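Engineer: upload.txt is the file, holding compact mmCIF, C-alpha atoms:
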```
# COMPACT_ATOMS: atom_id res chain seq x y z
CA MET A 15 15.14 -35.20 17.65
CA THR A 16 18.44 -33.62 18.69
CA SER A 17 18.78 -30.58 20.94
CA ARG A 18 21.54 -29.06 18.80
CA LYS A 19 20.29 -25.95 17.04
CA ALA A 20 21.07 -24.96 13.47
CA LEU A 21 23.19 -21.92 14.39
CA GLU A 22 24.99 -23.15 17.49
CA GLY A 23 28.55 -21.82 17.40
CA VAL A 24 27.56 -18.74 15.37
CA THR A 25 28.12 -15.36 17.04
CA VAL A 26 25.96 -12.36 16.16
CA VAL A 27 26.58 -8.79 17.31
CA GLU A 28 23.49 -6.59 17.18
CA LEU A 29 23.73 -2.80 17.30
CA ALA A 30 20.12 -1.80 16.73
CA THR A 31 16.94 -0.45 18.28
CA PHE A 32 13.17 -0.79 17.94
CA ILE A 33 11.83 -3.76 15.94
CA ALA A 34 13.07 -4.81 12.48
CA VAL A 35 16.72 -5.63 13.17
CA PRO A 36 16.19 -6.83 16.76
CA ALA A 37 13.46 -9.15 15.42
CA ALA A 38 15.99 -10.61 12.98
CA GLY A 39 18.42 -11.06 15.87
CA ARG A 40 15.72 -12.81 17.87
CA ILE A 41 15.08 -15.26 15.03
CA LEU A 42 18.80 -16.05 14.78
CA ALA A 43 18.93 -16.50 18.57
CA ASP A 44 16.02 -18.94 18.41
CA MET A 45 18.03 -20.86 15.82
CA GLY A 46 20.84 -21.23 18.35
CA ALA A 47 23.12 -18.29 17.59
CA ASN A 48 24.92 -16.48 20.39
CA VAL A 49 23.38 -13.03 19.91
CA ILE A 50 24.95 -10.16 21.84
CA LYS A 51 22.77 -7.06 21.86
CA ILE A 52 24.62 -3.78 22.30
CA GLU A 53 22.68 -0.87 23.78
CA SER A 54 23.54 2.71 24.62
CA PRO A 55 23.38 3.76 28.28
CA SER A 56 19.82 5.02 27.74
CA GLY A 57 18.75 1.69 26.27
CA ASP A 58 16.78 0.54 23.25
CA ASN A 59 13.74 2.80 22.87
CA LEU A 60 11.53 -0.28 22.58
CA ARG A 61 11.99 -0.73 26.33
CA TYR A 62 9.78 2.31 26.90
CA THR A 63 6.92 2.01 24.37
CA ALA A 64 4.44 0.23 26.67
CA PRO A 65 2.07 3.21 27.13
CA THR A 66 1.57 3.55 23.36
CA GLU A 67 0.62 -0.13 23.21
CA GLY A 68 -1.88 -0.01 26.06
CA ARG A 69 0.12 -1.93 28.67
CA PRO A 70 1.99 -0.98 31.87
CA LEU A 71 5.60 0.17 31.73
CA ASP A 72 7.58 -2.44 33.67
CA GLN A 73 11.13 -3.48 32.78
CA HIS A 74 10.59 -6.78 34.59
CA GLU A 75 7.52 -7.62 32.51
CA ASN A 76 8.18 -6.12 29.09
CA THR A 77 6.35 -8.22 26.52
CA SER A 78 7.25 -6.13 23.46
CA PHE A 79 10.94 -6.03 24.32
CA ASP A 80 10.90 -9.76 25.00
CA LEU A 81 9.15 -10.42 21.68
CA GLU A 82 12.09 -8.93 19.79
CA ASN A 83 14.93 -9.76 22.18
CA ALA A 84 14.30 -13.10 23.88
CA ASN A 85 17.24 -15.51 24.02
CA LYS A 86 19.85 -12.75 23.59
CA ARG A 87 22.50 -11.45 25.94
CA GLY A 88 22.72 -7.71 26.52
CA ILE A 89 25.63 -5.35 27.04
CA VAL A 90 25.69 -1.57 27.40
CA LEU A 91 28.52 0.20 25.57
CA ASN A 92 29.25 3.84 25.05
CA THR A 93 30.44 3.54 21.45
CA LYS A 94 31.44 7.21 21.44
CA THR A 95 34.37 6.64 23.80
CA GLU A 96 37.67 5.13 22.78
CA ALA A 97 37.33 2.27 25.27
CA GLY A 98 33.72 1.57 24.27
CA LYS A 99 34.58 1.41 20.58
CA LYS A 100 37.55 -0.83 21.34
CA ILE A 101 35.20 -3.31 23.02
CA LEU A 102 32.84 -3.15 20.04
CA PHE A 103 35.71 -4.07 17.71
CA GLU A 104 36.76 -6.88 20.02
CA LEU A 105 33.23 -8.26 19.80
CA LEU A 106 33.24 -7.94 16.02
CA GLU A 107 36.57 -9.77 15.89
CA LYS A 108 34.79 -12.84 17.27
CA ALA A 109 31.54 -12.31 15.37
CA ASP A 110 30.25 -14.04 12.26
CA ILE A 111 27.37 -11.62 11.70
CA PHE A 112 26.82 -7.93 12.48
CA LEU A 113 23.28 -6.49 12.54
CA THR A 114 22.46 -2.78 12.59
CA ASN A 115 19.70 -0.30 11.79
CA TRP A 116 21.85 2.81 11.92
CA ARG A 117 21.27 5.14 8.98
CA PRO A 118 23.98 5.21 6.28
CA GLY A 119 25.28 8.65 7.26
CA ALA A 120 25.49 7.78 10.94
CA ARG A 121 27.42 4.60 10.19
CA GLU A 122 29.94 6.49 8.08
CA ARG A 123 30.45 9.20 10.69
CA ALA A 124 31.09 6.56 13.35
CA GLY A 125 33.43 4.54 11.15
CA LEU A 126 31.01 1.61 11.26
CA ASP A 127 30.03 1.50 7.60
CA TYR A 128 30.53 -1.71 5.64
CA GLU A 129 33.49 -0.56 3.56
CA THR A 130 35.41 0.47 6.69
CA LEU A 131 34.63 -2.67 8.68
CA LYS A 132 35.33 -4.90 5.68
CA GLN A 133 38.98 -3.89 5.78
CA ARG A 134 39.26 -4.99 9.39
CA PHE A 135 36.88 -7.97 9.36
CA PRO A 136 36.91 -9.39 5.82
CA LYS A 137 34.81 -12.47 6.67
CA LEU A 138 32.09 -10.57 8.52
CA VAL A 139 28.50 -10.71 7.27
CA TYR A 140 27.20 -7.17 7.72
CA ALA A 141 23.39 -6.81 7.68
CA SER A 142 21.31 -3.66 7.72
CA VAL A 143 17.69 -2.49 7.74
CA THR A 144 16.79 1.14 7.06
CA GLY A 145 13.62 3.03 6.26
CA TYR A 146 14.44 3.92 2.67
CA GLY A 147 17.57 2.06 1.61
CA ASP A 148 21.24 2.94 1.23
CA GLU A 149 21.07 5.03 -1.94
CA GLY A 150 18.97 7.89 -3.25
CA PRO A 151 17.98 11.29 -1.87
CA ASP A 152 16.02 9.89 1.09
CA LYS A 153 18.52 7.32 2.37
CA ASP A 154 19.15 9.20 5.62
CA LEU A 155 15.55 10.00 6.48
CA PRO A 156 14.22 8.47 9.71
CA GLY A 157 12.03 5.53 8.79
CA PHE A 158 9.36 3.70 10.76
CA ASP A 159 6.57 1.25 9.99
CA TYR A 160 3.99 4.03 10.03
CA THR A 161 5.86 6.28 7.59
CA ALA A 162 8.11 4.26 5.27
CA PHE A 163 6.08 1.03 5.15
CA PHE A 164 2.45 2.08 5.49
CA ALA A 165 2.42 5.63 4.11
CA ARG A 166 5.27 5.92 1.60
CA GLY A 167 4.79 2.36 0.36
CA GLY A 168 1.18 3.00 -0.67
CA ILE A 169 -0.81 1.02 1.89
CA LEU A 170 -2.38 3.99 3.69
CA GLY A 171 -3.22 5.75 0.45
CA SER A 172 -4.83 2.73 -1.17
CA LEU A 173 -6.31 0.14 1.19
CA TYR A 174 -9.27 1.84 2.80
CA GLN A 175 -12.95 2.31 2.02
CA LYS A 176 -13.24 5.16 -0.49
CA GLY A 177 -14.64 8.29 1.08
CA THR A 178 -13.46 7.43 4.59
CA VAL A 179 -10.07 7.80 6.29
CA PRO A 180 -6.94 5.60 6.22
CA MET A 181 -6.96 2.52 8.42
CA ASN A 182 -5.67 2.43 11.97
CA VAL A 183 -2.16 1.01 11.82
CA ILE A 184 -0.09 -0.72 14.47
CA PRO A 185 3.66 -1.20 14.98
CA GLY A 186 5.57 -4.20 13.72
CA LEU A 187 3.85 -5.30 10.51
CA GLY A 188 6.52 -4.02 8.14
CA ASP A 189 9.32 -4.50 10.65
CA HIS A 190 8.63 -8.20 11.06
CA GLN A 191 8.48 -8.72 7.30
CA CYS A 192 11.80 -6.89 6.98
CA ALA A 193 13.21 -9.15 9.69
CA LEU A 194 12.25 -12.33 7.86
CA GLY A 195 13.75 -11.01 4.64
CA LEU A 196 16.95 -9.96 6.39
CA VAL A 197 17.34 -13.36 8.04
CA SER A 198 17.07 -15.16 4.70
CA GLY A 199 19.75 -12.92 3.23
CA VAL A 200 21.98 -13.23 6.29
CA LEU A 201 21.87 -17.03 6.22
CA ALA A 202 22.74 -17.11 2.51
CA ALA A 203 25.62 -14.68 3.08
CA TYR A 204 26.85 -16.70 6.05
CA ILE A 205 26.98 -19.87 3.94
CA ARG A 206 28.86 -17.92 1.26
CA ALA A 207 31.33 -16.59 3.83
CA LYS A 208 31.96 -20.10 5.13
CA ASN A 209 32.47 -21.42 1.61
CA ILE A 210 34.76 -18.76 0.15
CA GLY A 211 36.05 -16.88 3.21
CA GLN A 212 34.58 -13.55 2.15
CA GLY A 213 32.04 -11.43 3.99
CA GLU A 214 29.02 -9.74 2.46
CA TYR A 215 26.78 -6.73 2.89
CA VAL A 216 23.09 -7.67 3.19
CA SER A 217 20.39 -5.04 3.33
CA THR A 218 16.67 -4.50 3.13
CA ASN A 219 14.40 -1.58 3.94
CA LEU A 220 10.84 -0.78 4.89
CA LEU A 221 9.95 0.98 1.63
CA HIS A 222 11.03 -1.86 -0.65
CA THR A 223 9.43 -4.42 1.65
CA SER A 224 6.14 -2.53 1.57
CA ILE A 225 6.15 -2.31 -2.21
CA TYR A 226 7.04 -6.00 -2.49
CA THR A 227 4.15 -7.03 -0.24
CA GLN A 228 1.75 -5.16 -2.52
CA ALA A 229 3.54 -5.94 -5.77
CA ILE A 230 0.61 -7.70 -7.47
CA MET A 231 -1.63 -4.65 -7.22
CA ILE A 232 1.11 -2.04 -7.72
CA GLN A 233 2.06 -3.72 -10.99
CA ALA A 234 -1.62 -3.97 -11.96
CA ALA A 235 -1.94 -0.20 -11.47
CA GLN A 236 -0.10 0.14 -14.79
CA TYR A 237 -3.30 -0.98 -16.54
CA PRO A 238 -5.80 1.79 -15.67
CA ASP A 239 -8.16 0.86 -18.51
CA TYR A 240 -8.82 -2.57 -16.98
CA GLY A 241 -9.48 -1.77 -13.35
CA GLN A 242 -10.25 0.96 -10.87
CA PRO A 243 -7.64 3.07 -9.11
CA TYR A 244 -7.52 2.53 -5.36
CA PRO A 245 -8.94 3.45 -2.90
CA ILE A 246 -12.21 1.87 -4.00
CA ASP A 247 -15.70 1.39 -2.67
CA ARG A 248 -16.12 -2.21 -1.50
CA ARG A 249 -19.20 -2.54 -3.69
CA ASN A 250 -17.07 -1.86 -6.76
CA THR A 251 -14.43 -4.46 -6.05
CA THR A 252 -13.13 -6.58 -8.92
CA SER A 253 -14.62 -9.70 -7.34
CA PRO A 254 -17.26 -9.89 -4.57
CA PHE A 255 -15.96 -13.38 -3.79
CA ILE A 256 -12.90 -12.11 -1.91
CA LEU A 257 -14.52 -9.80 0.64
CA ALA A 258 -15.71 -9.81 4.25
CA TYR A 259 -19.44 -9.79 4.95
CA LYS A 260 -21.39 -8.89 8.08
CA THR A 261 -23.32 -11.67 9.81
CA LYS A 262 -26.55 -11.66 11.83
CA ASP A 263 -24.59 -11.41 15.10
CA ASP A 264 -22.51 -8.42 13.93
CA ARG A 265 -19.40 -10.42 13.13
CA PHE A 266 -17.51 -10.29 9.85
CA ILE A 267 -16.68 -13.38 7.86
CA GLN A 268 -14.02 -13.27 5.14
CA VAL A 269 -14.39 -15.45 2.07
CA CYS A 270 -11.67 -16.04 -0.51
CA MET A 271 -12.52 -17.69 -3.82
CA PRO A 272 -9.98 -16.37 -6.31
CA VAL A 273 -11.18 -18.73 -9.04
CA TYR A 274 -14.60 -17.12 -9.18
CA ASP A 275 -16.12 -19.12 -12.04
CA ALA A 276 -15.32 -22.46 -10.41
CA TYR A 277 -16.77 -21.51 -7.02
CA TYR A 278 -19.80 -19.57 -8.21
CA PRO A 279 -22.49 -22.29 -8.40
CA THR A 280 -21.52 -23.81 -5.05
CA PHE A 281 -21.18 -20.53 -3.18
CA ILE A 282 -24.32 -18.88 -4.52
CA SER A 283 -26.30 -22.00 -3.67
CA CYS A 284 -24.96 -22.43 -0.14
CA ILE A 285 -25.82 -18.81 0.76
CA GLY A 286 -29.44 -19.56 -0.14
CA ARG A 287 -29.77 -18.51 -3.78
CA PRO A 288 -29.63 -21.74 -5.82
CA ASP A 289 -31.99 -20.07 -8.28
CA LEU A 290 -29.02 -17.98 -9.47
CA ALA A 291 -26.61 -20.90 -9.91
CA GLU A 292 -26.98 -20.82 -13.68
CA ASP A 293 -27.85 -17.16 -14.10
CA ALA A 294 -25.67 -15.94 -16.97
CA ARG A 295 -25.47 -12.46 -15.44
CA TYR A 296 -23.24 -13.78 -12.64
CA THR A 297 -21.72 -17.13 -13.59
CA ARG A 298 -18.52 -15.70 -15.12
CA LEU A 299 -16.42 -13.02 -13.47
CA GLN A 300 -15.42 -11.52 -16.80
CA GLU A 301 -19.08 -10.83 -17.58
CA VAL A 302 -19.71 -9.47 -14.09
CA ALA A 303 -16.87 -6.98 -14.51
CA LYS A 304 -17.75 -6.14 -18.12
CA ASN A 305 -21.35 -5.29 -17.22
CA ASN A 306 -20.52 -3.64 -13.88
CA ARG A 307 -22.59 -6.10 -11.88
CA SER A 308 -20.22 -6.29 -8.89
CA PRO A 309 -22.25 -3.79 -6.79
CA GLU A 310 -25.53 -5.66 -7.22
CA LEU A 311 -23.89 -9.03 -6.56
CA TYR A 312 -22.16 -7.61 -3.49
CA ASP A 313 -25.48 -6.33 -2.16
CA LEU A 314 -27.11 -9.69 -2.83
CA ILE A 315 -24.41 -11.60 -0.93
CA TRP A 316 -24.50 -9.07 1.93
CA GLN A 317 -28.26 -9.50 2.31
CA GLN A 318 -27.94 -13.29 2.41
CA VAL A 319 -25.03 -13.39 4.86
CA GLU A 320 -26.84 -11.04 7.25
CA GLN A 321 -29.50 -13.71 7.77
CA LYS A 322 -27.32 -16.15 9.74
CA THR A 323 -24.75 -15.98 12.53
CA ALA A 324 -21.03 -16.34 12.00
CA SER A 325 -21.12 -19.78 13.62
CA GLU A 326 -23.89 -20.92 11.29
CA TRP A 327 -21.98 -19.72 8.24
CA ALA A 328 -18.83 -21.41 9.51
CA ASP A 329 -20.67 -24.74 9.51
CA ILE A 330 -22.17 -24.16 6.05
CA PHE A 331 -18.93 -23.00 4.44
CA THR A 332 -16.95 -25.84 6.01
CA LYS A 333 -19.39 -28.43 4.68
CA ASN A 334 -19.20 -26.89 1.19
CA ASP A 335 -15.39 -26.47 1.22
CA ILE A 336 -15.62 -22.69 0.85
CA PRO A 337 -12.41 -20.93 1.96
CA PHE A 338 -13.37 -18.59 4.81
CA SER A 339 -12.46 -17.32 8.24
CA ILE A 340 -14.33 -15.40 10.88
CA ALA A 341 -12.60 -12.07 11.53
CA GLN A 342 -11.17 -12.52 15.02
CA THR A 343 -10.21 -9.94 17.60
CA TRP A 344 -6.78 -10.05 19.24
CA GLU A 345 -8.40 -11.38 22.40
CA GLU A 346 -9.84 -14.28 20.40
CA VAL A 347 -6.52 -14.92 18.68
CA LEU A 348 -4.90 -15.37 22.10
CA GLU A 349 -7.36 -18.21 22.76
CA ASP A 350 -7.21 -19.77 19.29
CA LYS A 351 -6.69 -23.51 19.76
CA GLN A 352 -5.14 -23.92 16.32
CA ALA A 353 -2.61 -21.18 17.01
CA TRP A 354 -1.59 -22.90 20.25
CA ALA A 355 -1.46 -26.29 18.51
CA ILE A 356 1.16 -25.02 16.06
CA ASN A 357 3.25 -23.36 18.80
CA THR A 358 2.46 -19.81 17.75
CA PHE A 359 2.49 -18.84 21.42
CA TYR A 360 4.50 -19.80 24.46
CA SER A 361 3.95 -18.90 28.10
CA MET A 362 6.49 -16.52 29.62
CA LYS A 363 6.61 -16.64 33.40
CA TYR A 364 7.93 -13.44 34.94
CA LYS A 365 9.57 -13.10 38.34
CA ASN A 366 6.68 -10.98 39.58
CA GLY A 367 4.42 -14.01 39.21
CA SER A 368 2.73 -12.83 36.05
CA GLU A 369 2.39 -15.24 33.13
CA LYS A 370 1.75 -13.96 29.62
CA ALA A 371 1.41 -15.48 26.15
CA LEU A 372 4.25 -14.35 23.89
CA VAL A 373 4.45 -14.93 20.15
CA ARG A 374 7.14 -17.03 18.49
CA PRO A 375 8.67 -16.24 15.09
CA PRO A 376 6.85 -18.34 12.43
CA ILE A 377 9.67 -20.80 11.73
CA ASP A 378 9.73 -24.38 13.02
CA PHE A 379 12.43 -27.06 13.03
CA LEU A 380 11.37 -30.67 13.45
CA GLU A 381 14.73 -32.20 14.37
CA SER A 382 16.23 -29.47 16.55
CA GLY A 383 12.91 -28.47 18.10
CA LEU A 384 11.88 -25.31 19.91
CA PRO A 385 14.29 -23.28 22.05
CA GLU A 386 14.06 -22.85 25.79
CA TYR A 387 12.90 -19.26 25.99
CA ARG A 388 14.71 -16.68 28.11
CA ARG A 389 13.31 -13.19 28.51
CA GLY A 390 15.16 -10.36 26.86
CA PRO A 391 18.11 -8.99 28.84
CA LEU A 392 17.68 -6.19 31.33
CA LEU A 393 19.69 -3.10 30.41
CA GLY A 394 23.35 -4.09 30.78
CA GLU A 395 22.47 -7.37 32.47
CA ASP A 396 25.19 -9.37 30.71
CA THR A 397 27.87 -6.69 30.54
CA PRO A 398 30.14 -8.38 33.13
CA SER A 399 29.94 -11.87 31.61
CA VAL A 400 30.44 -10.67 28.02
CA LEU A 401 33.45 -8.57 29.00
CA ALA A 402 34.89 -11.44 31.04
CA GLU A 403 34.71 -13.64 27.93
CA LEU A 404 36.77 -10.98 26.14
CA GLY A 405 39.43 -11.28 28.85
CA TYR A 406 38.58 -8.30 31.06
CA SER A 407 39.15 -8.70 34.79
CA ALA A 408 36.65 -7.63 37.43
CA GLU A 409 38.86 -4.64 38.23
CA GLU A 410 39.03 -3.58 34.58
CA ILE A 411 35.26 -3.90 34.23
CA ALA A 412 34.77 -1.76 37.33
CA SER A 413 37.12 0.86 35.88
CA LEU A 414 35.27 0.87 32.55
CA GLU A 415 32.00 1.34 34.39
CA ALA A 416 33.42 4.15 36.51
CA ASN A 417 34.53 5.90 33.33
CA LYS A 418 31.06 5.37 31.79
CA ASP A 419 32.44 3.31 28.94
CA VAL A 420 30.10 0.45 29.88
CA MET A 421 27.14 -0.01 32.17
CA THR A 422 25.86 -2.90 34.25
CA TRP A 423 22.26 -3.48 35.29
CA LYS A 424 21.45 -2.44 38.83
CA GLU A 425 18.05 -2.75 40.47
```
Take the structure in the file and write it out as structure tokens.

Structural biologist:
Amino acid sequence: MTSRKALEGVTVVELATFIAVPAAGRILADMGANVIKIESPSGDNLRYTAPTEGRPLDQHENTSFDLENANKRGIVLNTKTEAGKKILFELLEKADIFLTNWRPGARERAGLDYETLKQRFPKLVYASVTGYGDEGPDKDLPGFDYTAFFARGGILGSLYQKGTVPMNVIPGLGDHQCALGLVSGVLAAYIRAKNIGQGEYVSTNLLHTSIYTQAIMIQAAQYPDYGQPYPIDRRNTTSPFILAYKTKDDRFIQVCMPVYDAYYPTFISCIGRPDLAEDARYTRLQEVAKNNRSPELYDLIWQQVEQKTASEWADIFTKNDIPFSIAQTWEEVLEDKQAWAINTFYSMKYKNGSEKALVRPPIDFLESGLPEYRRGPLLGEDTPSVLAELGYSAEEIASLEANKDVMTWKE
């Protein structure tokens, strides 16, 4: 194994807030890129979301900010001043990749849109995430996970028990999927730029990502005569073999047997009803659906699963090679031995003595190994060193700070 990372020598400039684009920057940083995060004097709003997540607000122990910004360097620029914008362009002159989540209209007004920057930096890979894309009537709407991904994309309106209310949603699900998609596009564009000397514009958005994640069922919705429109009652699902059932100890256990006919005799027997293993009413999914027997089969399985604990079912299903998993809480996930074995988590030790488990992006490299993790930068923490690398003297940096063109972290 060598310590050299895949993207060592690659410089990334990130002008973005919240989750999706910073998460992409974090992934590139983990791969070895020199990622310089630019913030406004007020800072990335993600620095201040702790109360909504149920944790204390502490800039020295900021797990959410570190999740999206570990291994980066941070600089504060006032991009509205002439001097601040000059520094931004100096950074872009040395950059291979530029990441942003500014809306299309805002980029154009600031002279930071792709067509403008392309004239000045023809080899630059320019990457963007927005809520709704770069075209169409809604391109400049504010977009977040909750709105563009969950609501507009169809998740909230479809994936809940019929007759109840939409599910409780949390931040980051759509953002992190956008980040992974953006990274794949950025890496392809970077290879292209290296090969032919021409930059590229790479983009993704929360709406498209949401629709893509649900594409199987959204496409199937074009066949209303063959299925039920969502939301549905769980008892009326297409297949009772891909649901979660309640156990004797009030846990839920999820089974997943997409090839129903092949699994039927084994599954029905191991839940205690071998007498139904050859019952023609249930042996073939097509017949179950045709004769609307899903509700009665669902009830039958529910009654059987309620008779044993989750641990007992785990043993039975494992022995019979039934795909399953006990529905874990977040607290249980933090203690999951398998998750730790595959380096899902790492321990972040903070200066205040606290140690917390933080989550790694789900990408591993065998030869170059895992990075040495550094917490995300404090607001303006690396402003002096980044400016010094651009050739600014200590006196010039002090003058820029006095004029509020830049800002440096101060306790």

Engineer: Leaving out Val200 of chain A and any residue of its chain fewer than 6 positions from it, which residues lie within 8 Å of it when counting all atoms listed in the file, given as JSON, numbers by chain?

Structural biologist: {"A": [111, 139, 141, 216]}

Engineer: Between A:Glu53, A:Glu149, A:Asp378, A:Glu129, which has the minimum distance to Leu102 of chain A (counting only C-alpha atoms)?

Structural biologist: A:Glu53

Engineer: Take atom CA of Lys260 of chain A and atom CA of Val319 of chain A and report the distance between them in Å, one decimal.

Structural biologist: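 These atoms are spaced 6.6 Å apart.
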
Engineer: For Asn250 of chain A, find every residue with an atom within 12 Å (counting only C-alpha atoms), except residues of its own chain fewer than 3 positions away, and show them as a count of residues only.

Structural biologist: 24

Engineer: Which polymer residues have any atom within 9 Å of an atom of Leu29 of chain A, counting only C-alpha atoms, with same-chain residues fewer than 6 positions away left out, as a list in words?

Structural biologist: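 My reading of the contact set: Val35, Pro36, Ile50, Lys51, Ile52, Glu53, Phe112, Leu113, Thr114, Asn115 and Trp116 of chain A.
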
Engineer: Within 9 Å of Ser78 of chain A, counting only C-alpha atoms, which residues qualify if same-chain residues fewer than 5 places away don't, as a list in words?

Structural biologist: Leu60, Arg61, Thr63, Ala64, Glu67, Asn83 and Leu372 of chain A

Engineer: Would you compute the distance between atom CA of Glu75 of chain A and atom CA of Lys365 of chain A? Give it in Å to one decimal.

Structural biologist: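 Between atom CA of Glu75 of chain A and atom CA of Lys365 of chain A the gap works out to 8.3 Å.
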
Engineer: Between A:Gln73, A:Thr144, A:Ser325, A:Thr66, which has the minimum distance to Ala120 of chain A (counting only C-alpha atoms)?

Structural biologist: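 Looking at the shortest contact to Ala120 of chain A, the residue is A:Thr144.
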
Engineer: Looking at A:Pro337, A:Gly125, A:Gly46, A:Gly57, which one is nearest to Phe281 of chain A, with distances taken over only C-alpha atoms?

Structural biologist: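 Of the candidates, the smallest distance to Phe281 of chain A is held by A:Pro337.
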
Engineer: Go through A:Asp148, A:Glu349, A:Glu386, A:Asp72 one by one, measure the shortest atom-to-atom distance of each to Ser217 of chain A using only C-alpha atoms, and give the residue with the smallest value.

Structural biologist: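 Closest to Ser217 of chain A of all the choices is A:Asp148.
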
Engineer: Looking at A:Leu126, A:Ala276, A:Val49, A:Ala353, which one is nearest to Ile89 of chain A, with distances taken over only C-alpha atoms?

Structural biologist: A:Val49

Engineer: Complete segment 155-173 of chain A with N, CA and C atoms (output as an mmCIF file, keeping the file's coordinate frame).

Structural biologist:
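Full text of selection.cif as output:
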```
data_model
loop_
_atom_site.group_PDB
_atom_site.id
_atom_site.type_symbol
_atom_site.label_atom_id
_atom_site.label_comp_id
_atom_site.auth_asym_id
_atom_site.auth_seq_id
_atom_site.Cartn_x
_atom_site.Cartn_y
_atom_site.Cartn_z
ATOM 1 N N LEU A 155 16.754 9.604 5.765
ATOM 2 C CA LEU A 155 15.550 10.000 6.480
ATOM 3 C C LEU A 155 15.236 8.984 7.585
ATOM 4 N N PRO A 156 14.669 9.445 8.702
ATOM 5 C CA PRO A 156 14.220 8.470 9.710
ATOM 6 C C PRO A 156 13.061 7.666 9.133
ATOM 7 N N GLY A 157 13.064 6.373 9.372
ATOM 8 C CA GLY A 157 12.030 5.530 8.790
ATOM 9 C C GLY A 157 11.413 4.595 9.808
ATOM 10 N N PHE A 158 10.102 4.597 9.878
ATOM 11 C CA PHE A 158 9.360 3.700 10.760
ATOM 12 C C PHE A 158 8.275 2.993 9.966
ATOM 13 N N ASP A 159 7.712 1.957 10.578
ATOM 14 C CA ASP A 159 6.570 1.250 9.990
ATOM 15 C C ASP A 159 5.506 2.215 9.483
ATOM 16 N N TYR A 160 5.097 3.130 10.331
ATOM 17 C CA TYR A 160 3.990 4.030 10.030
ATOM 18 C C TYR A 160 4.278 4.904 8.801
ATOM 19 N N THR A 161 5.522 5.324 8.655
ATOM 20 C CA THR A 161 5.860 6.280 7.590
ATOM 21 C C THR A 161 6.378 5.588 6.331
ATOM 22 N N ALA A 162 7.483 4.859 6.455
ATOM 23 C CA ALA A 162 8.110 4.260 5.270
ATOM 24 C C ALA A 162 7.308 3.090 4.712
ATOM 25 N N PHE A 163 6.782 2.238 5.594
ATOM 26 C CA PHE A 163 6.080 1.030 5.150
ATOM 27 C C PHE A 163 4.628 1.326 4.793
ATOM 28 N N PHE A 164 3.873 1.873 5.723
ATOM 29 C CA PHE A 164 2.450 2.080 5.490
ATOM 30 C C PHE A 164 2.163 3.274 4.567
ATOM 31 N N ALA A 165 2.763 4.425 4.857
ATOM 32 C CA ALA A 165 2.420 5.630 4.110
ATOM 33 C C ALA A 165 3.166 5.726 2.777
ATOM 34 N N ARG A 166 4.490 5.755 2.834
ATOM 35 C CA ARG A 166 5.270 5.920 1.600
ATOM 36 C C ARG A 166 5.082 4.737 0.655
ATOM 37 N N GLY A 167 4.924 3.550 1.200
ATOM 38 C CA GLY A 167 4.790 2.360 0.360
ATOM 39 C C GLY A 167 3.456 2.232 -0.349
ATOM 40 N N GLY A 168 2.448 3.020 0.049
ATOM 41 C CA GLY A 168 1.180 3.000 -0.670
ATOM 42 C C GLY A 168 0.027 2.324 0.033
ATOM 43 N N ILE A 169 0.269 1.729 1.199
ATOM 44 C CA ILE A 169 -0.810 1.020 1.890
ATOM 45 C C ILE A 169 -1.867 2.002 2.405
ATOM 46 N N LEU A 170 -1.430 3.044 3.111
ATOM 47 C CA LEU A 170 -2.380 3.990 3.690
ATOM 48 C C LEU A 170 -3.167 4.746 2.629
ATOM 49 N N GLY A 171 -2.553 4.993 1.499
ATOM 50 C CA GLY A 171 -3.220 5.750 0.450
ATOM 51 C C GLY A 171 -4.110 4.921 -0.446
ATOM 52 N N SER A 172 -4.114 3.604 -0.246
ATOM 53 C CA SER A 172 -4.830 2.730 -1.170
ATOM 54 C C SER A 172 -5.844 1.807 -0.504
ATOM 55 N N LEU A 173 -5.501 1.222 0.630
ATOM 56 C CA LEU A 173 -6.310 0.140 1.190
ATOM 57 C C LEU A 173 -7.270 0.617 2.275
#
```
